[in-house]
$ cat run-v2.tsv   # TSV, C-alpha atoms and all ligand atoms
chain	number	residue	atom	x	y	z
Q	1	MET	CA	79.97	104.98	50.73
Q	2	ILE	CA	83.14	107.00	50.44
Q	3	THR	CA	85.38	107.31	53.44
Q	4	SER	CA	88.06	109.92	53.51
Q	5	GLY	CA	90.39	107.27	54.61
Q	6	PHE	CA	92.83	106.39	57.24
Q	7	PRO	CA	93.31	107.01	60.13
Q	8	PHE	CA	89.74	106.82	61.29
Q	9	LEU	CA	90.62	107.00	65.00
Q	10	ARG	CA	92.36	110.27	65.76
Q	11	PRO	CA	93.30	110.84	69.43
Q	12	ARG	CA	94.82	114.16	68.39
Q	13	ARG	CA	91.29	115.63	68.15
Q	14	LEU	CA	91.32	115.88	71.92
Q	15	ARG	CA	94.67	117.65	72.00
Q	16	ARG	CA	94.04	120.51	69.57
Q	17	ASN	CA	93.94	123.35	72.03
Q	18	GLU	CA	94.21	124.06	75.72
Q	19	ASN	CA	90.45	124.18	76.29
Q	20	ILE	CA	89.85	120.64	75.11
Q	21	ARG	CA	93.04	119.47	76.83
Q	22	ARG	CA	91.71	120.90	80.08
Q	23	LEU	CA	88.44	119.05	79.64
Q	24	VAL	CA	90.04	115.67	79.16
Q	25	ARG	CA	92.92	116.06	81.66
Q	26	GLU	CA	92.92	113.13	84.06
Q	27	ASN	CA	95.12	114.42	86.86
Q	28	ARG	CA	95.87	117.78	88.41
Q	29	ILE	CA	98.17	119.17	91.03
Q	30	ASN	CA	96.31	121.06	93.67
Q	31	HIS	CA	97.21	122.88	96.85
Q	32	ASP	CA	95.21	120.25	98.67
Q	33	ASP	CA	97.77	117.59	97.77
Q	34	LEU	CA	100.80	119.28	99.24
Q	35	ILE	CA	102.88	119.01	102.40
Q	36	TYR	CA	105.88	121.32	102.79
Q	37	PRO	CA	108.93	120.12	104.78
Q	38	ILE	CA	110.33	122.56	107.36
Q	39	PHE	CA	113.80	122.27	108.94
Q	40	VAL	CA	114.15	123.79	112.39
Q	41	ARG	CA	117.47	124.10	114.18
Q	42	TYR	CA	118.97	125.36	117.40
Q	43	GLY	CA	120.20	128.93	117.74
Q	44	GLU	CA	118.56	132.29	117.33
Q	45	ASN	CA	117.87	134.52	114.40
Q	46	VAL	CA	118.91	131.83	111.93
Q	47	VAL	CA	117.56	131.66	108.40
Q	48	GLU	CA	120.15	129.76	106.38
Q	49	GLU	CA	119.86	128.25	102.95
Q	50	VAL	CA	120.80	124.59	102.61
Q	51	PRO	CA	123.73	124.66	100.16
Q	52	SER	CA	122.67	121.53	98.29
Q	53	MET	CA	118.98	122.54	98.24
Q	54	PRO	CA	118.64	126.05	96.79
Q	55	GLY	CA	115.44	127.72	98.00
Q	56	VAL	CA	115.19	125.51	101.12
Q	57	PHE	CA	116.11	127.04	104.47
Q	58	ARG	CA	116.79	126.03	108.04
Q	59	TYR	CA	115.15	128.23	110.63
Q	60	SER	CA	115.73	128.76	114.32
Q	61	VAL	CA	112.62	128.49	116.48
Q	62	ASP	CA	112.18	132.28	116.64
Q	63	LYS	CA	112.07	132.45	112.83
Q	64	VAL	CA	109.93	129.43	112.02
Q	65	ALA	CA	106.51	131.03	112.49
Q	66	ASP	CA	107.13	133.57	109.73
Q	67	ALA	CA	108.23	130.82	107.40
Q	68	VAL	CA	105.12	128.76	108.12
Q	69	LYS	CA	102.84	131.79	107.74
Q	70	GLU	CA	104.19	132.15	104.23
Q	71	VAL	CA	103.31	128.50	103.56
Q	72	ARG	CA	99.80	129.06	104.96
Q	73	ASP	CA	99.30	132.20	102.89
Q	74	LEU	CA	100.11	130.26	99.74
Q	75	GLY	CA	97.23	127.89	100.54
Q	76	ILE	CA	99.23	124.82	101.55
Q	77	PRO	CA	97.41	122.87	104.29
Q	78	ALA	CA	100.27	121.10	106.08
Q	79	VAL	CA	103.94	121.11	106.99
Q	80	ILE	CA	106.16	118.23	108.14
Q	81	ILE	CA	108.70	119.25	110.75
Q	82	PHE	CA	112.31	118.04	110.97
Q	83	GLY	CA	114.43	119.10	113.94
Q	84	ILE	CA	118.17	119.59	114.31
Q	85	PRO	CA	118.95	119.68	118.03
Q	86	GLU	CA	121.84	121.43	119.72
Q	87	HIS	CA	122.94	118.31	121.59
Q	88	LYS	CA	122.94	114.82	120.18
Q	89	ASP	CA	123.41	111.74	122.35
Q	90	GLU	CA	123.53	107.96	122.02
Q	91	VAL	CA	119.74	107.50	122.16
Q	92	GLY	CA	118.42	110.80	120.79
Q	93	SER	CA	116.77	111.95	124.02
Q	94	ASP	CA	116.02	115.40	122.58
Q	95	THR	CA	113.15	113.69	120.74
Q	96	TRP	CA	111.09	113.14	123.88
Q	97	SER	CA	112.12	116.21	125.90
Q	98	ASP	CA	109.65	119.02	126.46
Q	99	GLU	CA	112.55	121.32	125.65
Q	100	GLY	CA	113.39	119.39	122.48
Q	101	ILE	CA	113.70	121.29	119.22
Q	102	VAL	CA	110.51	119.82	117.73
Q	103	GLN	CA	108.50	120.38	120.91
Q	104	LYS	CA	109.51	124.04	121.08
Q	105	THR	CA	108.64	124.45	117.42
Q	106	LEU	CA	105.24	122.83	117.87
Q	107	ARG	CA	104.33	125.17	120.71
Q	108	VAL	CA	105.32	128.25	118.72
Q	109	LEU	CA	103.50	127.15	115.60
Q	110	LYS	CA	100.32	126.08	117.39
Q	111	LYS	CA	100.16	129.55	118.89
Q	112	GLU	CA	101.30	131.65	115.94
Q	113	VAL	CA	99.87	129.72	112.99
Q	114	PRO	CA	96.95	127.73	114.41
Q	115	GLU	CA	95.45	127.14	110.95
Q	116	MET	CA	98.41	125.03	109.86
Q	117	TYR	CA	98.26	121.23	110.14
Q	118	LEU	CA	101.44	120.11	111.90
Q	119	ILE	CA	102.97	116.74	111.07
Q	120	THR	CA	106.13	115.58	112.82
Q	121	ASP	CA	108.73	113.31	111.29
Q	122	VAL	CA	109.32	110.68	113.96
Q	123	CYS	CA	112.84	109.29	113.88
Q	124	PHE	CA	116.18	109.45	115.69
Q	125	CYS	CA	118.86	109.94	113.05
Q	126	GLU	CA	119.02	113.73	113.45
Q	127	TYR	CA	119.23	113.36	117.23
Q	128	THR	CA	121.72	110.56	117.81
Q	129	SER	CA	125.48	111.06	117.99
Q	130	HIS	CA	125.96	108.09	115.62
Q	131	GLY	CA	123.30	109.18	113.11
Q	132	HIS	CA	121.38	105.89	113.06
Q	133	CYS	CA	117.60	105.71	113.41
Q	134	GLY	CA	117.44	104.16	116.89
Q	135	VAL	CA	119.28	102.67	119.84
Q	136	LEU	CA	122.54	100.91	118.97
Q	137	HIS	CA	123.70	97.59	120.37
Q	138	ASP	CA	126.96	96.23	118.98
Q	139	HIS	CA	126.77	98.52	115.94
Q	140	GLU	CA	123.26	97.40	115.11
Q	141	VAL	CA	120.00	99.25	115.60
Q	142	ASP	CA	118.09	97.45	118.35
Q	143	ASN	CA	114.55	97.28	117.03
Q	144	ASP	CA	112.59	96.70	120.22
Q	145	ALA	CA	114.56	99.12	122.39
Q	146	THR	CA	113.92	101.73	119.70
Q	147	LEU	CA	110.18	101.06	119.81
Q	148	GLU	CA	110.04	102.11	123.45
Q	149	ASN	CA	111.76	105.39	122.64
Q	150	LEU	CA	109.45	105.94	119.68
Q	151	GLN	CA	106.52	105.68	122.07
Q	152	LYS	CA	107.99	108.40	124.27
Q	153	GLN	CA	108.70	110.58	121.25
Q	154	VAL	CA	105.20	110.47	119.77
Q	155	VAL	CA	103.45	111.10	123.08
Q	156	SER	CA	105.66	114.12	123.62
Q	157	HIS	CA	104.93	115.40	120.10
Q	158	ALA	CA	101.20	114.98	120.66
Q	159	GLN	CA	101.35	116.72	124.04
Q	160	ASN	CA	103.09	119.67	122.45
Q	161	GLY	CA	100.65	120.11	119.58
Q	162	ALA	CA	101.38	117.69	116.73
Q	163	ASP	CA	98.30	117.01	114.58
Q	164	MET	CA	99.77	113.89	112.97
Q	165	VAL	CA	102.91	111.80	113.49
Q	166	ALA	CA	104.95	110.27	110.68
Q	167	PRO	CA	107.36	107.52	111.77
Q	168	SER	CA	110.19	107.19	109.25
Q	169	GLY	CA	112.66	104.84	110.93
Q	170	MET	CA	111.53	101.53	109.36
Q	171	MET	CA	111.54	99.67	112.69
Q	172	ASP	CA	109.39	96.52	112.76
Q	173	GLY	CA	106.21	97.05	114.75
Q	174	MET	CA	106.61	100.83	114.92
Q	175	VAL	CA	103.08	101.68	113.83
Q	176	ARG	CA	101.45	99.36	116.36
Q	177	SER	CA	103.70	100.57	119.18
Q	178	ILE	CA	102.96	104.18	118.34
Q	179	ARG	CA	99.22	103.57	118.06
Q	180	ILE	CA	99.17	101.95	121.52
Q	181	ALA	CA	101.23	104.75	123.08
Q	182	LEU	CA	99.06	107.49	121.59
Q	183	ASP	CA	95.82	105.78	122.57
Q	184	ASP	CA	96.98	105.10	126.12
Q	185	ALA	CA	98.02	108.73	126.53
Q	186	GLY	CA	94.64	110.04	125.37
Q	187	PHE	CA	95.60	110.81	121.77
Q	188	SER	CA	93.42	108.32	119.93
Q	189	HIS	CA	92.42	111.16	117.55
Q	190	ILE	CA	95.98	111.69	116.28
Q	191	PRO	CA	96.58	109.87	112.97
Q	192	ILE	CA	99.73	108.04	111.92
Q	193	MET	CA	101.24	108.51	108.48
Q	194	ALA	CA	103.64	105.61	108.14
Q	195	TYR	CA	106.73	105.78	105.96
Q	196	SER	CA	105.80	102.22	105.04
Q	197	ALA	CA	107.84	101.56	101.93
Q	198	LYS	CA	110.97	103.57	102.55
Q	199	PHE	CA	113.92	102.50	100.48
Q	200	ALA	CA	117.63	102.73	101.35
Q	201	SER	CA	118.18	105.46	98.79
Q	202	ALA	CA	121.04	107.64	97.62
Q	203	PHE	CA	118.44	110.30	96.85
Q	204	TYR	CA	118.41	111.33	100.54
Q	205	GLY	CA	121.89	112.87	100.25
Q	206	PRO	CA	120.97	116.58	100.35
Q	207	PHE	CA	118.51	116.00	103.22
Q	208	ARG	CA	121.29	114.52	105.31
Q	209	ASP	CA	123.30	117.72	104.79
Q	210	ALA	CA	120.25	119.77	105.76
Q	211	ALA	CA	119.37	117.69	108.81
Q	212	GLU	CA	122.90	116.69	109.82
Q	213	SER	CA	121.70	113.12	109.92
Q	214	ALA	CA	124.21	111.08	107.91
Q	215	PRO	CA	125.19	107.88	109.74
Q	216	SER	CA	128.70	108.14	111.22
Q	217	PHE	CA	129.45	104.58	110.12
Q	218	GLY	CA	127.82	102.10	107.78
Q	219	ASP	CA	124.51	102.78	106.07
Q	220	ARG	CA	120.81	102.18	106.60
Q	221	ARG	CA	120.42	99.02	104.58
Q	222	SER	CA	119.69	96.85	107.62
Q	223	TYR	CA	116.44	98.73	108.21
Q	224	GLN	CA	115.46	100.62	105.06
Q	225	MET	CA	114.33	98.59	102.05
Q	226	ASP	CA	116.35	97.19	99.17
Q	227	PRO	CA	115.55	99.26	96.03
Q	228	ALA	CA	115.31	96.01	94.08
Q	229	ASN	CA	112.18	94.88	95.92
Q	230	SER	CA	108.59	95.48	95.02
Q	231	ARG	CA	106.58	92.65	96.64
Q	232	GLU	CA	108.32	93.41	99.91
Q	233	ALA	CA	107.12	97.03	99.68
Q	234	LEU	CA	103.59	95.75	99.52
Q	235	LYS	CA	104.24	93.48	102.49
Q	236	GLU	CA	105.46	96.46	104.52
Q	237	VAL	CA	102.43	98.51	103.52
Q	238	LEU	CA	99.92	95.75	104.33
Q	239	MET	CA	101.58	95.20	107.71
Q	240	ASP	CA	101.31	98.91	108.50
Q	241	VAL	CA	97.64	98.87	107.51
Q	242	GLN	CA	97.07	96.00	109.95
Q	243	GLU	CA	99.04	97.79	112.64
Q	244	GLY	CA	96.74	100.79	112.39
Q	245	ALA	CA	98.33	103.27	109.97
Q	246	ASP	CA	95.99	106.00	108.71
Q	247	VAL	CA	98.08	107.02	105.69
Q	248	VAL	CA	100.83	105.01	104.00
Q	249	MET	CA	103.85	106.44	102.26
Q	250	VAL	CA	106.22	105.48	99.48
Q	251	LYS	CA	109.63	107.12	99.50
Q	252	PRO	CA	111.41	108.23	97.32
Q	253	ALA	CA	108.83	108.97	94.64
Q	254	LEU	CA	110.26	109.29	91.15
Q	255	THR	CA	112.26	106.09	90.96
Q	256	TYR	CA	109.43	104.23	92.75
Q	257	LEU	CA	106.34	105.23	90.76
Q	258	ASP	CA	105.61	101.54	90.15
Q	259	ILE	CA	105.47	101.02	93.91
Q	260	ILE	CA	103.07	103.93	94.35
Q	261	THR	CA	100.72	102.36	91.81
Q	262	LYS	CA	100.91	98.93	93.42
Q	263	VAL	CA	100.25	100.36	96.86
Q	264	LYS	CA	97.29	102.36	95.55
Q	265	GLU	CA	95.79	99.26	93.99
Q	266	ASN	CA	96.23	97.16	97.12
Q	267	THR	CA	95.08	99.43	99.94
Q	268	LEU	CA	92.15	101.68	100.67
Q	269	LEU	CA	94.19	104.17	102.67
Q	270	PRO	CA	95.36	107.49	101.27
Q	271	VAL	CA	98.79	107.12	99.68
Q	272	CYS	CA	101.51	109.70	100.19
Q	273	ALA	CA	104.58	110.05	97.98
Q	274	TYR	CA	107.72	111.73	99.27
Q	275	ASN	CA	109.44	113.70	96.51
Q	276	VAL	CA	112.79	113.60	98.31
Q	277	SER	CA	115.71	115.96	98.55
Q	278	GLY	CA	117.85	114.43	95.81
Q	279	GLU	CA	114.94	114.58	93.39
Q	280	TYR	CA	114.59	118.27	94.19
Q	281	SER	CA	118.29	119.11	94.02
Q	282	MET	CA	118.81	117.42	90.65
Q	283	VAL	CA	116.08	119.55	89.09
Q	284	LYS	CA	117.47	122.69	90.73
Q	285	ALA	CA	121.02	121.95	89.62
Q	286	ALA	CA	120.15	121.17	86.02
Q	287	GLY	CA	117.86	124.21	85.95
Q	288	LYS	CA	120.65	126.45	87.18
Q	289	LEU	CA	122.94	125.17	84.44
Q	290	GLY	CA	120.27	125.91	81.87
Q	291	TRP	CA	120.11	122.26	80.86
Q	292	ILE	CA	116.41	121.80	81.56
Q	293	ASP	CA	113.34	123.99	82.00
Q	294	GLU	CA	113.15	123.73	85.77
Q	295	LYS	CA	109.49	124.68	86.22
Q	296	LYS	CA	108.29	122.31	83.53
Q	297	VAL	CA	110.36	119.43	84.89
Q	298	MET	CA	109.00	120.15	88.35
Q	299	LEU	CA	105.38	120.04	87.16
Q	300	GLU	CA	105.94	116.94	85.06
Q	301	SER	CA	107.55	115.17	88.03
Q	302	LEU	CA	104.72	116.05	90.38
Q	303	ILE	CA	101.99	115.07	87.95
Q	304	SER	CA	103.70	111.71	87.41
Q	305	MET	CA	103.29	111.03	91.13
Q	306	LYS	CA	99.60	111.91	90.96
Q	307	ARG	CA	99.15	109.74	87.87
Q	308	ALA	CA	100.89	106.86	89.61
Q	309	GLY	CA	98.31	107.11	92.40
Q	310	ALA	CA	99.61	109.48	95.07
Q	311	ASP	CA	96.90	111.32	96.97
Q	312	ILE	CA	99.36	113.43	98.95
Q	313	ILE	CA	102.83	114.66	97.99
Q	314	ILE	CA	105.52	115.84	100.37
Q	315	THR	CA	107.71	118.12	98.31
Q	316	TYR	CA	110.28	120.90	98.65
Q	317	PHE	CA	108.62	122.33	95.52
Q	318	ALA	CA	105.32	122.90	97.37
Q	319	LYS	CA	105.70	126.67	97.69
Q	320	GLU	CA	106.78	127.12	94.07
Q	321	VAL	CA	103.97	125.03	92.68
Q	322	ALA	CA	101.40	126.74	94.93
Q	323	GLU	CA	102.59	130.11	93.62
Q	324	MET	CA	102.17	128.89	90.05
Q	325	ILE	CA	98.67	127.62	90.79
Q	326	ASN	CA	97.80	130.93	92.45
Q	327	ARG	CA	98.98	132.83	89.37
Q	328	GLY	CA	96.90	130.58	87.15
Q	329	GLU	CA	99.95	129.11	85.44
Q	330	VAL	CA	99.07	125.49	86.19
Z	401	LIG	C1	114.61	110.21	108.55
Z	401	LIG	C2	114.27	110.83	107.26
Z	401	LIG	C3	115.08	110.96	106.14
Z	401	LIG	C4	114.33	111.64	105.19
Z	401	LIG	C5	113.09	111.91	105.75
Z	401	LIG	N1	113.07	111.38	107.03
Z	401	LIG	C6	116.51	110.61	105.93
Z	401	LIG	C7	116.99	109.24	105.90
Z	401	LIG	O1	116.24	108.27	105.95
Z	401	LIG	O2	118.21	109.12	105.87
Z	401	LIG	C8	114.80	112.00	103.80
Z	401	LIG	C9	114.02	113.04	103.09
Z	401	LIG	C10	114.65	113.59	101.88
Z	401	LIG	O3	115.66	113.11	101.34
Z	401	LIG	O4	114.10	114.60	101.41
Z	401	LIG	N2	114.48	111.09	109.62
$ encode --input "run-v2.tsv" --output "structure tokens"
Amino acid sequence: MITSGFPFLRPRRLRRNENIRRLVRENRINHDDLIYPIFVRYGENVVEEVPSMPGVFRYSVDKVADAVKEVRDLGIPAVIIFGIPEHKDEVGSDTWSDEGIVQKTLRVLKKEVPEMYLITDVCFCEYTSHGHCGVLHDHEVDNDATLENLQKQVVSHAQNGADMVAPSGMMDGMVRSIRIALDDAGFSHIPIMAYSAKFASAFYGPFRDAAESAPSFGDRRSYQMDPANSREALKEVLMDVQEGADVVMVKPALTYLDIITKVKENTLLPVCAYNVSGEYSMVKAAGKLGWIDEKKVMLESLISMKRAGADIIITYFAKEVAEMINRGEV
């Protein structure tokens, strides 16, 4: 018997052209995976680009419906809403006011774009004068006092039309507190997407410009997680599962792909990855300089999150990638 020799195993056979590559492709980006973040601010007739996030805008309430219609028309199923209120105070009371920025936005969107699934980011940093994610006592965020305010915030969001709430403040017991408050107020059908493993990350920089939410002193390391920790991320996720979370999140995404995989292997809940502002801005900046192929880097980044195990991706790229899918380019 004559063999033509080595190598006998040739993986390249399955890479010869796009047709066979399509057949053996393990992961895909789809519209169905995407959540688009929307920044809403006080004022009227405002559509302003965030300087550090080209292509991302802040809208006043009268302009937000048009922006969300565009997202709907691209085939994206959900948005996550971030509010920038006119008045900040010590406790962030705008977050539970019927006249709060998020509440006004919810009412407009429910009416104007009823097909869109509305998720609210539930936190305080954009609403407090000090920029921390809760009530301060002696320069520290008071966990349990913050839980009570979180309960007021989520009930108000639900009353004004939120379809899902997403607590991002990393307070202990936040998921359980929120679940109880929603159930007691008659919103047992509203799911909670918990920012379970949220790391104290420098990749949130551009978001803090966009949302005016940088802390006025100190940092968030006494509540957000240490980037060095992996087992602790799993602990946070498993606690949130026990507390009644419906979806768990890992944030940021790209520098935490290992965490996404671990979470996926250790829970049965859908896993969301947040492709955060700094991850977006770096790609945009390098693209602008001509140093990288922006679209290709975007797609490669997003597919890495899918491959790691993300079921859902929150990304500022959502509109761009949906357009590419619609044109048949992905
Ligand atoms: C907190 C919140 C933050 C982000 C989402 N929710 C900021 C923070 O924790 O400082 C960051 C998102 C991003 O960087 O894109 N409300």
$ closest_residue --input "run-v2.tsv" --among "Q:Val248, Q:Leu23, Q:Ala228, Q:Leu150" --to "Q:Ile313" --atoms "only C-alpha atoms"
Q:Val248
$ residues_around --input "run-v2.tsv" --residues "Q:Pro77" --least-positions-apart "2" --cutoff "9 Å" --atoms "all atoms listed in the file" --output "number ranges by chain"
Q: 31-36, 71-72, 75, 79, 115-117
$ closest_residue --input "run-v2.tsv" --among "Q:Val271, Q:Val141, Q:Ala214, Q:Ile38" --to "Q:Gly55" --atoms "all atoms listed in the file"
Q:Ile38
$ closest_residue --input "run-v2.tsv" --among "Q:Lys295, Q:Arg307, Q:Arg231, Q:Lys198" --to "ligand LIG 401 (chain Z)" --atoms "all atoms listed in the file"
Q:Lys198
$ closest_residue --input "run-v2.tsv" --among "Q:Ile84, Q:Val91, Q:Val155, Q:Leu74" --to "ligand LIG 401 (chain Z)" --atoms "all atoms listed in the file"
Q:Ile84
$ residues_near_ligand --input "run-v2.tsv" --ligand "ligand LIG 401 (chain Z)" --cutoff "9 Å" --atoms "all atoms listed in the file" --output "compact mmCIF listing (two decimals) with C-alpha atoms, in the frame of the given file"
# COMPACT_ATOMS: atom_id res chain seq x y z
CA PRO Q 37 108.93 120.12 104.78
CA PHE Q 82 112.31 118.04 110.97
CA ASP Q 121 108.73 113.31 111.29
CA VAL Q 122 109.32 110.68 113.96
CA CYS Q 123 112.84 109.29 113.88
CA PHE Q 124 116.18 109.45 115.69
CA CYS Q 125 118.86 109.94 113.05
CA GLU Q 126 119.02 113.73 113.45
CA GLY Q 131 123.30 109.18 113.11
CA HIS Q 132 121.38 105.89 113.06
CA CYS Q 133 117.60 105.71 113.41
CA ALA Q 166 104.95 110.27 110.68
CA PRO Q 167 107.36 107.52 111.77
CA SER Q 168 110.19 107.19 109.25
CA GLY Q 169 112.66 104.84 110.93
CA MET Q 170 111.53 101.53 109.36
CA TYR Q 195 106.73 105.78 105.96
CA LYS Q 198 110.97 103.57 102.55
CA PHE Q 199 113.92 102.50 100.48
CA ALA Q 200 117.63 102.73 101.35
CA SER Q 201 118.18 105.46 98.79
CA ALA Q 202 121.04 107.64 97.62
CA PHE Q 203 118.44 110.30 96.85
CA TYR Q 204 118.41 111.33 100.54
CA GLY Q 205 121.89 112.87 100.25
CA PRO Q 206 120.97 116.58 100.35
CA PHE Q 207 118.51 116.00 103.22
CA ARG Q 208 121.29 114.52 105.31
CA ALA Q 211 119.37 117.69 108.81
CA SER Q 213 121.70 113.12 109.92
CA ALA Q 214 124.21 111.08 107.91
CA PRO Q 215 125.19 107.88 109.74
CA ASP Q 219 124.51 102.78 106.07
CA ARG Q 220 120.81 102.18 106.60
CA GLN Q 224 115.46 100.62 105.06
CA LYS Q 251 109.63 107.12 99.50
CA PRO Q 252 111.41 108.23 97.32
CA TYR Q 274 107.72 111.73 99.27
CA ASN Q 275 109.44 113.70 96.51
CA VAL Q 276 112.79 113.60 98.31
CA SER Q 277 115.71 115.96 98.55
CA GLY Q 278 117.85 114.43 95.81
CA GLU Q 279 114.94 114.58 93.39
CA TYR Q 280 114.59 118.27 94.19
CA ILE Q 314 105.52 115.84 100.37
CA THR Q 315 107.71 118.12 98.31
CA TYR Q 316 110.28 120.90 98.65
$ closest_residue --input "run-v2.tsv" --among "Q:Met174, Q:Val24, Q:Leu254, Q:Val321" --to "Q:Met193" --atoms "only C-alpha atoms"
Q:Met174
$ atom_distance --input "run-v2.tsv" --atom1 "atom CA of Q:Ser177" --atom2 "atom CA of Q:Glu243"
8.5 Å
$ closest_residue --input "run-v2.tsv" --among "Q:Ile292, Q:Ala185, Q:Val113, Q:Ile20" --to "Q:Ala65" --atoms "all atoms listed in the file"
Q:Val113
$ atom_distance --input "run-v2.tsv" --atom1 "atom CA of Q:Ala67" --atom2 "atom CA of Q:Ser304"
28.0 Å
$ axis_aligned_box --input "run-v2.tsv" --around "stretch 179-192 of chain Q" --padding-each-side "5 Å" --output "AutoDock Vina command-line options"
--center_x 96.8 --center_y 106.8 --center_z 119.2 --size_x 18.8 --size_y 19.7 --size_z 24.6
$ residues_near_point --input "run-v2.tsv" --point "(115.1, 117.8, 124.9)" --cutoff "12 Å" --atoms "only C-alpha atoms" --output "list in words"
Tyr42, Gly83, Ile84, Pro85, Glu86, His87, Lys88, Asp89, Val91, Gly92, Ser93, Asp94, Thr95, Trp96, Ser97, Asp98, Glu99, Gly100, Ile101, Val102, Gln103, Lys104, Thr105, Tyr127, Lys152, Gln153, Ser156 and His157 of chain Q
